[in-house]
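**Q** Supplied in structure tokens, the structure appears directly below.
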Amino acid sequence: MRVIAGAYGGRRLHAPPGAETRPTSDRVREALFSVLGDLADLQVLDLFAGTGALGIEALSRGAAGCDFVDRAQAAITVIRRNLDELGIDAPVHRRDALRALSDASGRAAAYDLVFLDPPYRHPPELGRALSEALPAVLAPGARVVVESDRRSTLALDLPLTFERRYGDTLIRIHDA
């Protein structure tokens, strides 16, 4: 796995051992970021960050900042390692996604781009809770990118503006 383009393009990223973390493939990330376009100066939130690859790719392509959130210690360790090796200073939080959204709302944080890539076995039950929690941290005109298994989609109550399938992976982009 590697950073596709931008300031860190071509640099390798590490992944936690085992099957708990499912990194977004290089092919899917390349296609996704082509659709997203210019990310200059955006504030990004990478929930269920896993390896941090989506947030790191956004930073590599000009995003102003990114908060990384995952509840698994193995993921947090790998995200910090990836950031350290790239020389990126960014906040990494070990928290449940809903708690992280509540904390961000309490700090009046506002994100222009949010990545949601929950474990594939959880999307259906997360949709309602995330739909309720997300608006409090979305900046005007924000976009929310959801990655899920095509057979177990994460449905959000936000306007859907893009949907594409890459094998078993389904990418959806919602507007705030």
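In the structure tokens, chains take the letters A, B, ... in the order shown, each chain's residues start at 1, and ligands count up from 1 in the order shown.
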Write out as a ChimeraX atom specification the residues lying within 8 Å of His93 (chain A), counting only C-alpha atoms and excluding same-chain residues fewer than 6 positions away.
**A** /A:67-71,76,100
**Q** Would you save the residues from that selection as a PDB file, in the first residue's frame, using N, CA and C atoms?
**A**
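Ended up saving to result.pdb:
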ATOM      1  N   ASP A  67      -7.838  14.991  11.303  1.00  0.00           N
ATOM      2  CA  ASP A  67      -7.944  14.273  12.574  1.00  0.00           C
ATOM      3  C   ASP A  67      -8.201  12.810  12.241  1.00  0.00           C
ATOM      4  N   PHE A  68      -7.405  11.922  12.842  1.00  0.00           N
ATOM      5  CA  PHE A  68      -7.530  10.492  12.633  1.00  0.00           C
ATOM      6  C   PHE A  68      -8.166   9.861  13.861  1.00  0.00           C
ATOM      7  N   VAL A  69      -9.171   9.010  13.647  1.00  0.00           N
ATOM      8  CA  VAL A  69      -9.891   8.374  14.749  1.00  0.00           C
ATOM      9  C   VAL A  69     -10.046   6.884  14.468  1.00  0.00           C
ATOM     10  N   ASP A  70      -9.688   6.076  15.449  1.00  0.00           N
ATOM     11  CA  ASP A  70      -9.956   4.644  15.397  1.00  0.00           C
ATOM     12  C   ASP A  70     -10.004   4.154  16.832  1.00  0.00           C
ATOM     13  N   ARG A  71     -10.745   3.097  17.081  1.00  0.00           N
ATOM     14  CA  ARG A  71     -10.834   2.607  18.459  1.00  0.00           C
ATOM     15  C   ARG A  71      -9.862   1.465  18.743  1.00  0.00           C
ATOM     16  N   ILE A  76      -4.214   2.544  15.819  1.00  0.00           N
ATOM     17  CA  ILE A  76      -3.627   3.797  16.310  1.00  0.00           C
ATOM     18  C   ILE A  76      -2.102   3.735  16.207  1.00  0.00           C
ATOM     19  N   ALA A 100     -16.103  10.259  19.292  1.00  0.00           N
ATOM     20  CA  ALA A 100     -15.225  11.239  18.645  1.00  0.00           C
ATOM     21  C   ALA A 100     -16.047  12.361  18.008  1.00  0.00           C
TER      22      ALA A 100
END
**Q** Quick one, how far is CA of Arg150 (chain A) from CA of Glu163 (chain A)?
**A**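 These two atoms are separated by 10.7 Å.
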**Q** Could you pull out all residues of region 25-164 of chain A with a DSSP call of strand (DSSP E or B) and give them as JSON, numbers by chain?
**A** {"A": [43, 44, 45, 46, 47, 65, 66, 67, 68, 69, 70, 92, 93, 94, 111, 112, 113, 114, 115, 116, 138, 139, 140, 141, 142, 143, 144, 145, 146, 147, 148, 149, 152, 160, 161, 162, 163, 164]}
**Q** Please, could you write that set of residues out with N, CA and C atoms as an mmCIF file, in the first residue's frame?
**A**
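This went into again-v4.cif:
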data_model
loop_
_atom_site.group_PDB
_atom_site.id
_atom_site.type_symbol
_atom_site.label_atom_id
_atom_site.label_comp_id
_atom_site.auth_asym_id
_atom_site.auth_seq_id
_atom_site.Cartn_x
_atom_site.Cartn_y
_atom_site.Cartn_z
ATOM 1 N N GLN A 43 -10.293 20.902 5.888
ATOM 2 C CA GLN A 43 -10.145 20.224 7.174
ATOM 3 C C GLN A 43 -10.824 18.866 7.033
ATOM 4 N N VAL A 44 -10.094 17.807 7.375
ATOM 5 C CA VAL A 44 -10.533 16.447 7.110
ATOM 6 C C VAL A 44 -10.660 15.668 8.413
ATOM 7 N N LEU A 45 -11.647 14.780 8.454
ATOM 8 C CA LEU A 45 -11.819 13.845 9.559
ATOM 9 C C LEU A 45 -11.813 12.444 8.966
ATOM 10 N N ASP A 46 -10.894 11.607 9.441
ATOM 11 C CA ASP A 46 -10.800 10.223 8.988
ATOM 12 C C ASP A 46 -11.275 9.330 10.134
ATOM 13 N N LEU A 47 -12.578 8.993 10.123
ATOM 14 C CA LEU A 47 -13.159 8.112 11.140
ATOM 15 C C LEU A 47 -12.943 6.657 10.730
ATOM 16 N N GLY A 65 -5.472 20.013 7.201
ATOM 17 C CA GLY A 65 -5.315 19.228 8.418
ATOM 18 C C GLY A 65 -6.233 18.029 8.397
ATOM 19 N N CYS A 66 -5.910 17.056 9.254
ATOM 20 C CA CYS A 66 -6.731 15.855 9.347
ATOM 21 C C CYS A 66 -6.682 15.320 10.765
ATOM 22 N N ASP A 67 -7.838 14.991 11.303
ATOM 23 C CA ASP A 67 -7.944 14.273 12.574
ATOM 24 C C ASP A 67 -8.201 12.810 12.241
ATOM 25 N N PHE A 68 -7.405 11.922 12.842
ATOM 26 C CA PHE A 68 -7.530 10.492 12.633
ATOM 27 C C PHE A 68 -8.166 9.861 13.861
ATOM 28 N N VAL A 69 -9.171 9.010 13.647
ATOM 29 C CA VAL A 69 -9.891 8.374 14.749
ATOM 30 C C VAL A 69 -10.046 6.884 14.468
ATOM 31 N N ASP A 70 -9.688 6.076 15.449
ATOM 32 C CA ASP A 70 -9.956 4.644 15.397
ATOM 33 C C ASP A 70 -10.004 4.154 16.832
ATOM 34 N N VAL A 92 -4.212 12.175 16.470
ATOM 35 C CA VAL A 92 -4.670 10.795 16.356
ATOM 36 C C VAL A 92 -5.412 10.478 17.652
ATOM 37 N N HIS A 93 -6.668 10.064 17.523
ATOM 38 C CA HIS A 93 -7.516 9.822 18.695
ATOM 39 C C HIS A 93 -7.940 8.366 18.757
ATOM 40 N N ARG A 94 -7.731 7.743 19.906
ATOM 41 C CA ARG A 94 -8.252 6.386 20.109
ATOM 42 C C ARG A 94 -9.624 6.537 20.772
ATOM 43 N N TYR A 111 -15.571 20.169 9.799
ATOM 44 C CA TYR A 111 -14.792 19.468 8.782
ATOM 45 C C TYR A 111 -15.418 19.664 7.409
ATOM 46 N N ASP A 112 -14.540 19.834 6.417
ATOM 47 C CA ASP A 112 -14.964 19.990 5.025
ATOM 48 C C ASP A 112 -15.108 18.651 4.317
ATOM 49 N N LEU A 113 -14.385 17.648 4.841
ATOM 50 C CA LEU A 113 -14.391 16.331 4.224
ATOM 51 C C LEU A 113 -14.272 15.294 5.329
ATOM 52 N N VAL A 114 -15.190 14.326 5.316
ATOM 53 C CA VAL A 114 -15.183 13.262 6.317
ATOM 54 C C VAL A 114 -15.138 11.919 5.592
ATOM 55 N N PHE A 115 -14.210 11.074 6.023
ATOM 56 C CA PHE A 115 -14.120 9.715 5.508
ATOM 57 C C PHE A 115 -14.699 8.761 6.536
ATOM 58 N N LEU A 116 -15.622 7.915 6.104
ATOM 59 C CA LEU A 116 -16.216 6.880 6.955
ATOM 60 C C LEU A 116 -15.940 5.532 6.310
ATOM 61 N N LEU A 138 -20.061 19.152 10.467
ATOM 62 C CA LEU A 138 -19.863 19.409 9.043
ATOM 63 C C LEU A 138 -19.878 20.897 8.738
ATOM 64 N N ALA A 139 -18.835 21.359 8.051
ATOM 65 C CA ALA A 139 -18.772 22.743 7.592
ATOM 66 C C ALA A 139 -19.758 22.913 6.432
ATOM 67 N N PRO A 140 -20.176 24.143 6.157
ATOM 68 C CA PRO A 140 -21.042 24.355 4.989
ATOM 69 C C PRO A 140 -20.376 23.815 3.718
ATOM 70 N N GLY A 141 -21.127 23.064 2.937
ATOM 71 C CA GLY A 141 -20.604 22.501 1.703
ATOM 72 C C GLY A 141 -19.735 21.264 1.892
ATOM 73 N N ALA A 142 -19.730 20.712 3.083
ATOM 74 C CA ALA A 142 -18.897 19.546 3.368
ATOM 75 C C ALA A 142 -19.344 18.336 2.558
ATOM 76 N N ARG A 143 -18.398 17.414 2.378
ATOM 77 C CA ARG A 143 -18.694 16.146 1.732
ATOM 78 C C ARG A 143 -18.329 15.018 2.691
ATOM 79 N N VAL A 144 -19.116 13.941 2.627
ATOM 80 C CA VAL A 144 -18.879 12.751 3.445
ATOM 81 C C VAL A 144 -18.693 11.577 2.491
ATOM 82 N N VAL A 145 -17.543 10.930 2.604
ATOM 83 C CA VAL A 145 -17.219 9.787 1.768
ATOM 84 C C VAL A 145 -17.416 8.524 2.601
ATOM 85 N N VAL A 146 -18.210 7.607 2.087
ATOM 86 C CA VAL A 146 -18.495 6.355 2.783
ATOM 87 C C VAL A 146 -17.971 5.196 1.948
ATOM 88 N N GLU A 147 -17.185 4.346 2.594
ATOM 89 C CA GLU A 147 -16.744 3.110 1.958
ATOM 90 C C GLU A 147 -17.388 1.954 2.705
ATOM 91 N N SER A 148 -18.015 1.053 1.958
ATOM 92 C CA SER A 148 -18.645 -0.106 2.586
ATOM 93 C C SER A 148 -18.653 -1.269 1.602
ATOM 94 N N ASP A 149 -19.005 -2.428 2.107
ATOM 95 C CA ASP A 149 -19.191 -3.592 1.263
ATOM 96 C C ASP A 149 -20.490 -3.384 0.485
ATOM 97 N N SER A 152 -23.489 -4.796 2.182
ATOM 98 C CA SER A 152 -23.827 -4.310 3.521
ATOM 99 C C SER A 152 -23.495 -2.829 3.585
ATOM 100 N N LEU A 160 -27.149 12.080 -1.435
ATOM 101 C CA LEU A 160 -26.160 11.264 -2.130
ATOM 102 C C LEU A 160 -25.849 11.915 -3.475
ATOM 103 N N THR A 161 -24.567 12.196 -3.731
ATOM 104 C CA THR A 161 -24.195 12.849 -4.984
ATOM 105 C C THR A 161 -23.339 11.984 -5.894
ATOM 106 N N PHE A 162 -22.813 10.873 -5.351
ATOM 107 C CA PHE A 162 -21.959 9.994 -6.153
ATOM 108 C C PHE A 162 -22.011 8.596 -5.567
ATOM 109 N N GLU A 163 -22.043 7.613 -6.457
ATOM 110 C CA GLU A 163 -21.987 6.218 -6.012
ATOM 111 C C GLU A 163 -21.314 5.398 -7.105
ATOM 112 N N ARG A 164 -20.322 4.600 -6.694
ATOM 113 C CA ARG A 164 -19.656 3.731 -7.653
ATOM 114 C C ARG A 164 -19.165 2.491 -6.938
#
**Q** Within chain A, find each residue whose DSSP state, derived from the backbone, is alpha helix (DSSP H), and express the selection as a count of residues only.
**A** 54
**Q** Have a look at CA of Ile56 (chain A) and CA of Val3 (chain A) and let me know their distance in Å, one decimal.
**A**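 For CA of Ile56 (chain A) relative to CA of Val3 (chain A), the distance reads 7.5 Å.
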**Q** Can you pull out the residues contacting region 135-137 of chain A? Cut-off 8 Å, using only C-alpha atoms, and skip same-chain residues under 5 positions away; I want them as a ChimeraX atom specification.
**A** /A:101,104-105,108-111,176
**Q** Between A:Arg61, A:Arg95, A:His14, A:Arg151, which has the minimum distance to Phe48 (chain A) (counting only C-alpha atoms)?
**A** A:Arg95
**Q** With the cut-off set at 12 Å and counting only C-alpha atoms, tabulate each residue of region 3-101 of chain A with an atom at most that distance from an atom of region 124-128 of chain A, showing the nearest atom pair and its distance in Å to one decimal, ordered by chain and increasing number, as a Markdown table.
**A**
| residue | atom | partner | partner_atom | distance |
| --- | --- | --- | --- | --- |
| A:Phe48 | CA | A:Leu126 | CA | 11.9 |
| A:Asp96 | CA | A:Leu126 | CA | 11.7 |
| A:Ala97 | CA | A:Leu126 | CA | 9.8 |
| A:Leu98 | CA | A:Leu126 | CA | 9.2 |
**Q** Between A:Ser34, A:Tyr8, A:Glu132, A:Leu54, which has the minimum distance to Gly87 (chain A) (counting only C-alpha atoms)?
**A**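 Comparing A:Ser34, A:Tyr8, A:Glu132, A:Leu54 against Gly87 (chain A), the winner is A:Tyr8.
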**Q** To one decimal place, how far is CA of Ala40 (chain A) from CA of Ala63 (chain A) in Å?
**A**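 Result for CA of Ala40 (chain A) versus CA of Ala63 (chain A): 4.9 Å, one decimal.
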**Q** Taking 5 positions as the minimum chain separation for residues in the same chain, which residues sit within 12 Å of Ala53 (chain A) when counting only C-alpha atoms? Answer as a VMD selection string.
**A** chain A and resid 1 to 5 8 to 9 11 to 15 21 to 26 28 to 30 33 46 to 48 58 to 60 66 68 75 78 to 83 86 115 117
**Q** Ranking A:Thr169, A:Arg27, A:Leu158, A:Gly62 by minimum distance to Leu39 (chain A) and counting only C-alpha atoms, which one comes first?
**A**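 Comparing A:Thr169, A:Arg27, A:Leu158, A:Gly62 against Leu39 (chain A), the winner is A:Gly62.
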